[in-house]
Amino acid sequence: MSSREPHADCPVSVDAAPYVLGALEDAELQRYREHLSACTSCRAEVAELQSVADELPASAPPVLASAALRERILATVRAEAALLSAAGDEADRPPRQVSRWRTRRFSLLGAGAGLAGAVAVLVAILIGVGSGTSESTKVTRGIVEANAPGARASLRQSDGRAELVVSRMPQPALGKIYEVWLSRGKGDAQPTDALFSVTSGGSGSVAVPHSLRGVKEVMVTSEPLGGSLHPTSQPVIRVALSA
Amino acid sequence: MTRLRRPSADSKDKLRKLADEELMQLVVGNDADAFEIVLERHADVAFSLAYRICGRRAVAEDVVQEAFLALWRSGARYDPRRGSVRTWALGIVHNRAVDALRRSGVHERRRVSDQGVEESLEAPERTDAQAIDNAASHEIRGALGELPQEQRRVIELAYFGGFTHIEIASMLDTPVGTVKGRMRLGLQKLRGHLEGWEALSA
């Protein structure tokens, strides 16, 4: 029964190979998983073959992931980390706050795959902040100055949190990333940790990790990867805020 | 508590000394710097896998982006008892890449999986490829290359082409049982090869 040879005693032992390769039909997959929970010999067979299937990714011809891709991923991750730690700072009780955030965050997973999902999660986090006293979300349309037909930008504010959402934006040039700035009308624009890029379809979103109190305008410029402390180019997006 | 704009080189070096599994514990605590190291270690193999499956750079980039953001957001689901961080991450990439491929329609899938791998890569990318070619990649590719053609084909059509065994059977005009048998034989031979290599390098 627990031999390592073909498990002739089990009629579905032949499904182990297509299973680890992801080649079972959806309906079969369900049944096979149920079978696995009951059949030790098939579990052993799957474990054996899975260890081989796990090596297959390395057989893909090696291609480097672009720096822009890495920076795009990191920009989103940093913005979310800042947002989550800001939630902890505010109350000065990080542990409790963080755990509440995490629960909320994870309960939202699986809500959607892909970028739509990512945006939904971010928006949901933003809206979830004040829970009990949920105010409505205020959306301010921005002006896109980049040479990008059809590009749109809007700032969503809810319970003191803000998120910039863009669509049909061109991707930043190679080695560049979009950075969010806050302008209070006088003095230099304030840099933020909010760096972002967009997907090949031009959509993206970023949490604005500061209070917008007194802010007249939220701007976006294209900056070298890693961001700048002073803008090095003209704004590509401007969102004027009414007091 | 103000967050540093950029982590110091010093703290990065400390993180680099940690194993993936330790880094994941930090990632669960929202540590973006720890995540950066995980990304640094696995982004290339993840992108290579996604590109091999999807055959298009833009699609592969979106797949990798989605997959790593999922990893960041659901790090708590990682269970070290069920395998390495790398295997887990590549599993997410594989699933999403196959989903993207299936959405793109059968014609495209056939093109990507049937074609010789080298021809599907454009020249500049092949240059990249040489830069990160490594021993692990050589081993498994060498082992695949030694498989009988019909075994290698069903494995690649399934794993990189995203076809089910039933689709493969009808595509090759071969009984379903034969297709499953070839998959199994092929995987077992690969296992033999890889174990041989492990024994040699141990």
# chains A, B, ... in the order shown; residues from 1 in each chain; ligands from 1
call {"tool": "closest_atom_pairs", "arguments": {"of": "chain A", "to": "chain B", "cutoff": "6 Å", "atoms": "only C-alpha atoms", "output": "tab-separated table"}}
result
residue	atom	partner	partner_atom	distance
A:Ala17	CA	B:Arg184	CA	5.0
A:Leu21	CA	B:Tyr159	CA	5.3
A:Ala23	CA	B:Thr164	CA	4.0
A:Leu24	CA	B:Thr164	CA	5.5
A:Val52	CA	B:Arg191	CA	5.7
A:Pro57	CA	B:Leu49	CA	5.5
A:Ala58	CA	B:Ser137	CA	4.7
A:Ser59	CA	B:Arg141	CA	4.9
A:Ala60	CA	B:Leu49	CA	5.5
A:Pro62	CA	B:Ala129	CA	4.6
A:Val63	CA	B:Ala129	CA	4.6
A:Leu64	CA	B:Asp44	CA	5.0
A:Ala65	CA	B:Asp44	CA	5.0
A:Ile73	CA	B:Gln65	CA	5.9
A:Arg78	CA	B:Ala32	CA	5.7
A:Ala81	CA	B:Asn30	CA	5.6
A:Gly114	CA	B:Glu66	CA	5.6
call {"tool": "residues_around", "arguments": {"residues": "stretch 12-19 of chain B", "least_positions_apart": "2", "cutoff": "10 Å", "atoms": "only C-alpha atoms", "output": "list in words"}}
result
Pro7, Ser8, Ala9, Asp10, Glu21, Glu22, Leu23, Met24, Leu26, Asp33, Ala34, Phe35, Glu36, Ile37, Val38, Glu40, Arg41 and Val85 of chain B
call {"tool": "residues_around", "arguments": {"residues": "A:Ala153", "least_positions_apart": "5", "cutoff": "6 Å", "atoms": "only C-alpha atoms", "output": "list in words"}}
result
Gly142, Val165 and Val166 of chain A
call {"tool": "write_last_selection", "arguments": {"atoms": "C-alpha atoms", "output": "PDB file, in the first residue's frame"}}
result
ATOM      1  CA  GLY A 142      -7.319  65.954 -11.313  1.00  0.00           C
ATOM      2  CA  VAL A 165      -6.094  56.638  -8.636  1.00  0.00           C
ATOM      3  CA  VAL A 166      -4.981  56.940 -12.247  1.00  0.00           C
TER       4      VAL A 166
END
call {"tool": "atom_distance", "arguments": {"atom1": "atom CA of A:Ala189", "atom2": "atom CA of A:Val139"}}
result
21.9 Å
call {"tool": "atom_distance", "arguments": {"atom1": "atom CA of A:His230", "atom2": "atom CA of A:Ala86"}}
result
22.9 Å
call {"tool": "residues_around", "arguments": {"residues": "A:Thr192", "least_positions_apart": "6", "cutoff": "10 Å", "atoms": "only C-alpha atoms", "output": "JSON, numbers by chain"}}
result
{"A": [79, 179, 180, 181, 182, 208, 209, 210, 227, 228, 229], "B": [5]}
